[in-house]
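Chemist: Take a look at the following structure, please.
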Amino acid sequence: MLNQVKLFLAKDSKVNRAIDTKRSLELIEIRKGIQPTVIIINGFLSKNTNEVNDWLEVVDELYPDNRVVHAKWDAGNLLDVISDKGLLENTQPNRLPKNGVAGLMASAVAIGVNKAAGHWKNAFHETRAVGVELSAAIENTTQLHGCILMGHSLGARAIHHTLAELQTPLVSKAYFLAGAVSSEPEVWDSIFTKHSHTKFINCMSKTDSTLKYGYSAGCLFDHQPIGLSPLSNSMYLNVINIDASKQAKGHQDFKNRKIGQFLKQELTD
């Protein structure tokens, strides 16, 4: 039913964007199974936005018999930056910098960093549109009621926007892996209140250098993302923070069988 279905933007969207034919989200059924449906969402720096085998290693440990849907969006990745034709557009082969090849390489690195930041910011802002469309899909599709959301990196941010946009609490569990979204209480209080029966599982790593340095630099924020620090749960018993620093040393170490087994053990305990 949901295989390669593109969804319309909600009419009451909080997003101020021009009306066009572009859609931010595509829902693709990965496998059939029992309910509730598990919806997986990739984030920036995923090796391939179409690849979900790594996700299944996590899902199979927690929900081996459940239906799985991939919420595909234009998250962006390093390959986009590397293949950007404009990476060295201002440098001509016969006009090297004064310090030769070393200067050329330095220029390429500087331009590459700027372009990477640009890709990150574009994806960062796109998560709101993704949240609008995903919330509309959940509300309008009975089969998605009570779904389990699992997001990595900016995918976790898309889940945050989805929960904020939902008019009715229809999500049973929300997993945030290396979440690139603020941990500030005021960002979450209204969501916790609205989704009082939803279980929030925040899986973080204090050794995630991508979030530690790239998040604040790319977004010009001085707060900590939930991928580095606990999601505030002082008033909410349905928030679980899990420190996976020993299991996930880096930003891309969260979608594998080891993390799935670790989460299963932690949640069982």
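Labels used: A, B, ... for chains in the order of the structure tokens, numbers from 1 for residues in each chain, and numbers from 1 for ligands as shown.
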Using only C-alpha atoms, determine which residues lie at most 9 Å from Asp60 in chain A, disregarding the query and same-chain residues fewer than 6 positions distant; provide the list as a PyMOL selection string.

Modeler: chain A and resi 66+257+260

Chemist: Could you write out that same residue set with N, CA, C and O atoms as a PDB file, in the first residue's frame?

Modeler:
```pdb
ATOM      1  N   ASN A  66       8.271  -7.481  12.682  1.00  0.00           N
ATOM      2  CA  ASN A  66       7.434  -6.325  12.357  1.00  0.00           C
ATOM      3  C   ASN A  66       7.603  -5.851  10.920  1.00  0.00           C
ATOM      4  O   ASN A  66       8.643  -6.047  10.294  1.00  0.00           O
ATOM      5  N   ARG A 257      24.337  -4.627  14.058  1.00  0.00           N
ATOM      6  CA  ARG A 257      23.780  -5.656  14.953  1.00  0.00           C
ATOM      7  C   ARG A 257      24.242  -5.449  16.400  1.00  0.00           C
ATOM      8  O   ARG A 257      23.492  -5.712  17.346  1.00  0.00           O
ATOM      9  N   GLY A 260      22.024  -3.010  17.991  1.00  0.00           N
ATOM     10  CA  GLY A 260      20.712  -3.625  18.177  1.00  0.00           C
ATOM     11  C   GLY A 260      20.686  -4.530  19.385  1.00  0.00           C
ATOM     12  O   GLY A 260      19.750  -4.487  20.204  1.00  0.00           O
TER      13      GLY A 260
END
```

Chemist: Apply DSSP to the backbone of this structure and, from range 145-207 of chain A, keep only the residues in helix (DSSP H, G or I); write these as a count of residues only.

Modeler: 22

Chemist: Mind checking which residues fall within 7 Å of Ile191 in chain A, counting only C-alpha atoms, ignoring those fewer than 3 positions away in the same chain, and posting them as a VMD selection string?

Modeler: chain A and resid 163 to 164 188 194 to 195

Chemist: Tell me which of A:Ile41, A:Pro230, A:Ala248, A:Ile201 sits closest to Glu266 in chain A, counting only C-alpha atoms.

Modeler: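 Nearest candidate to Glu266 in chain A out of A:Ile41, A:Pro230, A:Ala248, A:Ile201: A:Ile201.
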
Chemist: Between A:Ala156, A:Ala178, A:Cys203, A:Leu263, which residue has the minimum interatomic distance to Gly250 in chain A, considering only C-alpha atoms?

Modeler: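 Looking only at the distances to Gly250 in chain A, the closest residue turns out to be A:Ala178.
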
Chemist: Find the distance between CA of Asp269 in chain A and CA of Ser209 in chain A and write it in Å to one decimal.

Modeler: 28.7 Å

Chemist: Separation of CA of Ser196 in chain A and CA of Asn241 in chain A, in Å?

Modeler: 16.5 Å

Chemist: In Å, how far is it from CA of Phe200 in chain A to CA of Gly179 in chain A?

Modeler: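 One can read the CA of Phe200 in chain A to CA of Gly179 in chain A distance as 12.1 Å.
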
Chemist: Extract, using only C-alpha atoms, all DNA, RNA and protein residues at most 8 Å from range 36-40 of chain A, discarding same-chain residues fewer than 2 positions from it, and format them as an MDAnalysis selection string.

Modeler: chainID A and resid 33:34 42 55 66:71 143:151

Chemist: Residues of the last selection are to be written out with N, CA and C atoms, as a short mmCIF file (atom, residue, chain, number, x, y, z; two decimals), in the first residue's frame.

Modeler:
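out-v1.cif written:
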```
data_model
loop_
_atom_site.label_atom_id
_atom_site.label_comp_id
_atom_site.auth_asym_id
_atom_site.auth_seq_id
_atom_site.Cartn_x
_atom_site.Cartn_y
_atom_site.Cartn_z
N GLY A 33 5.03 -7.54 7.61
CA GLY A 33 5.15 -8.15 8.92
C GLY A 33 4.02 -7.71 9.82
N ILE A 34 4.16 -8.02 11.09
CA ILE A 34 3.13 -7.68 12.06
C ILE A 34 3.18 -6.20 12.41
N ASN A 42 16.98 7.67 7.67
CA ASN A 42 18.41 7.95 7.61
C ASN A 42 18.70 9.41 7.89
N TRP A 55 20.24 -0.64 8.86
CA TRP A 55 19.10 -0.42 9.74
C TRP A 55 18.47 -1.75 10.15
N ASN A 66 8.27 -7.48 12.68
CA ASN A 66 7.43 -6.32 12.36
C ASN A 66 7.60 -5.85 10.92
N ARG A 67 6.57 -5.21 10.44
CA ARG A 67 6.60 -4.56 9.12
C ARG A 67 7.58 -3.39 9.20
N VAL A 68 8.35 -3.18 8.13
CA VAL A 68 9.36 -2.12 8.10
C VAL A 68 9.14 -1.23 6.88
N VAL A 69 9.13 0.07 7.11
CA VAL A 69 8.99 1.06 6.04
C VAL A 69 10.16 2.03 6.11
N HIS A 70 10.74 2.33 4.97
CA HIS A 70 11.84 3.29 4.88
C HIS A 70 11.28 4.67 4.50
N ALA A 71 11.48 5.65 5.38
CA ALA A 71 11.09 7.03 5.08
C ALA A 71 12.27 7.69 4.37
N GLN A 143 -2.80 2.02 8.95
CA GLN A 143 -1.77 1.01 9.13
C GLN A 143 -0.54 1.57 9.85
N LEU A 144 -0.41 2.88 9.89
CA LEU A 144 0.74 3.50 10.56
C LEU A 144 0.42 3.98 11.98
N HIS A 145 -0.82 3.85 12.39
CA HIS A 145 -1.18 4.24 13.74
C HIS A 145 -0.47 3.33 14.75
N GLY A 146 0.13 3.93 15.75
CA GLY A 146 0.88 3.16 16.75
C GLY A 146 2.27 2.77 16.29
N CYS A 147 2.77 3.42 15.23
CA CYS A 147 4.06 3.06 14.63
C CYS A 147 5.23 3.32 15.57
N ILE A 148 6.36 2.71 15.21
CA ILE A 148 7.62 2.90 15.92
C ILE A 148 8.55 3.68 14.99
N LEU A 149 9.04 4.82 15.43
CA LEU A 149 9.93 5.65 14.61
C LEU A 149 11.38 5.44 15.07
N MET A 150 12.28 5.27 14.10
CA MET A 150 13.70 5.11 14.40
C MET A 150 14.50 6.01 13.46
N GLY A 151 15.20 6.99 14.03
CA GLY A 151 15.94 7.94 13.20
C GLY A 151 17.39 8.08 13.63
#
```

Chemist: Write out as JSON, numbers by chain the residues lying within 9 Å of Lys258 in chain A, counting only C-alpha atoms and excluding same-chain residues fewer than 4 positions away.

Modeler: {"A": [57, 58, 247, 254, 262, 263]}
